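*Asks:* This structure is in structure tokens; I'll ask about it shortly.
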Amino acid sequence: CTAVAETALVFDQVPGPAELLARLKIRTSPPTSPCAANCESAVGVRAYTTGAAIDESTVFEHEGRFFKNQEHVVRVGEFSFRNPPVFVQRADLRARDALAEVESLLDHLFRHPNTPVFFARLLIQRLVTSNPSPRYIADVAEAFRSGTYAAPDPQQTASDVAAAPAATSGPYGDLAATVLAVLLHDEA
């Protein structure tokens, strides 16, 4: 069985922010080429390219982070998986390359689908009980995912709870919402 490593183009036009973050995993340093598309956008995705078209050398910027327009895939027989990116060039070591590689790994781990459940279970075990129920873990993981949590009031009906404003309203991974969910959950 032979293994083949491939580098492929991901986008042939400027993607939206959600699509960019879902597909591109390879972070890079700021490009030296000028901005080529969406240069005035404050919240969108900017594109930096050396030629006229968007290709594998294109770098996209979103919220101050830069991503290569590449996907590394390893194929072994009928199976394939994403190859982890390597930023450190052994012939030309730079501190910023190592920093980009570490930041990329941390971003990947933070956004991994299992992170909210893992984090919720550990927080509950350290702060409340050593054997939390699956519902307790799921509720706390959802608070981590959504960044919101409204403590249930025993006097309220289900429709009152759904209509009530959230006690917190933050981004993905909001620790305030997560800790509130751990401490104010009915199983705490």
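Labels used: A, B, ... for chains in the order of the structure tokens, numbers from 1 for residues in each chain, and numbers from 1 for ligands as shown.
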Can you check which residues of stretch 43-154 of chain A DSSP gives as strand (DSSP E) on the backbone and send them as number ranges by chain?
*Replies:* A: 46-48, 59-62, 65-68, 70-76, 79-82, 148-149
*Asks:* Might you pull out every residue within 10 Å of stretch 47-62 of chain A, with only C-alpha atoms counted and same-chain residues fewer than 2 positions away left off, and present them as a PyMOL selection string?
*Replies:* chain A and resi 7-17+20-21+24+27-39+41-45+64-71
*Asks:* Counting only C-alpha atoms, which of A:Arg145, A:Ala5, A:Glu101, A:Val140 gets nearest to A:Leu184?
*Replies:*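 For A:Leu184, the nearest of the given residues is A:Val140.
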*Asks:* Compile the contact shell of stretch 120-133 of chain A as number ranges by chain: residues with an atom at most 10 Å away, counting only C-alpha atoms, same-chain residues fewer than 2 positions apart removed.
*Replies:* A: 115-118, 135-144, 178-179, 181-183, 187-188
*Asks:* As an exercise, work out the distance from atom CA of A:Leu105 to atom CA of A:Ile26 in Å and give it to one decimal place.
*Replies:*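 Separation between atom CA of A:Leu105 and atom CA of A:Ile26: 9.4 Å.
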*Asks:* For the atom pair atom CA of A:Arg46 and atom CA of A:Glu63, what is the interatomic distance in Å to one decimal place?
*Replies:*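 Here the two named atoms are 9.5 Å from each other.
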*Asks:* Measuring between only C-alpha atoms, which one of A:Ala177, A:Pro171, A:His185, A:Val4 shows the shortest distance to A:Phe79?
*Replies:*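 Checking each candidate against A:Phe79, we get A:Val4 as the closest.
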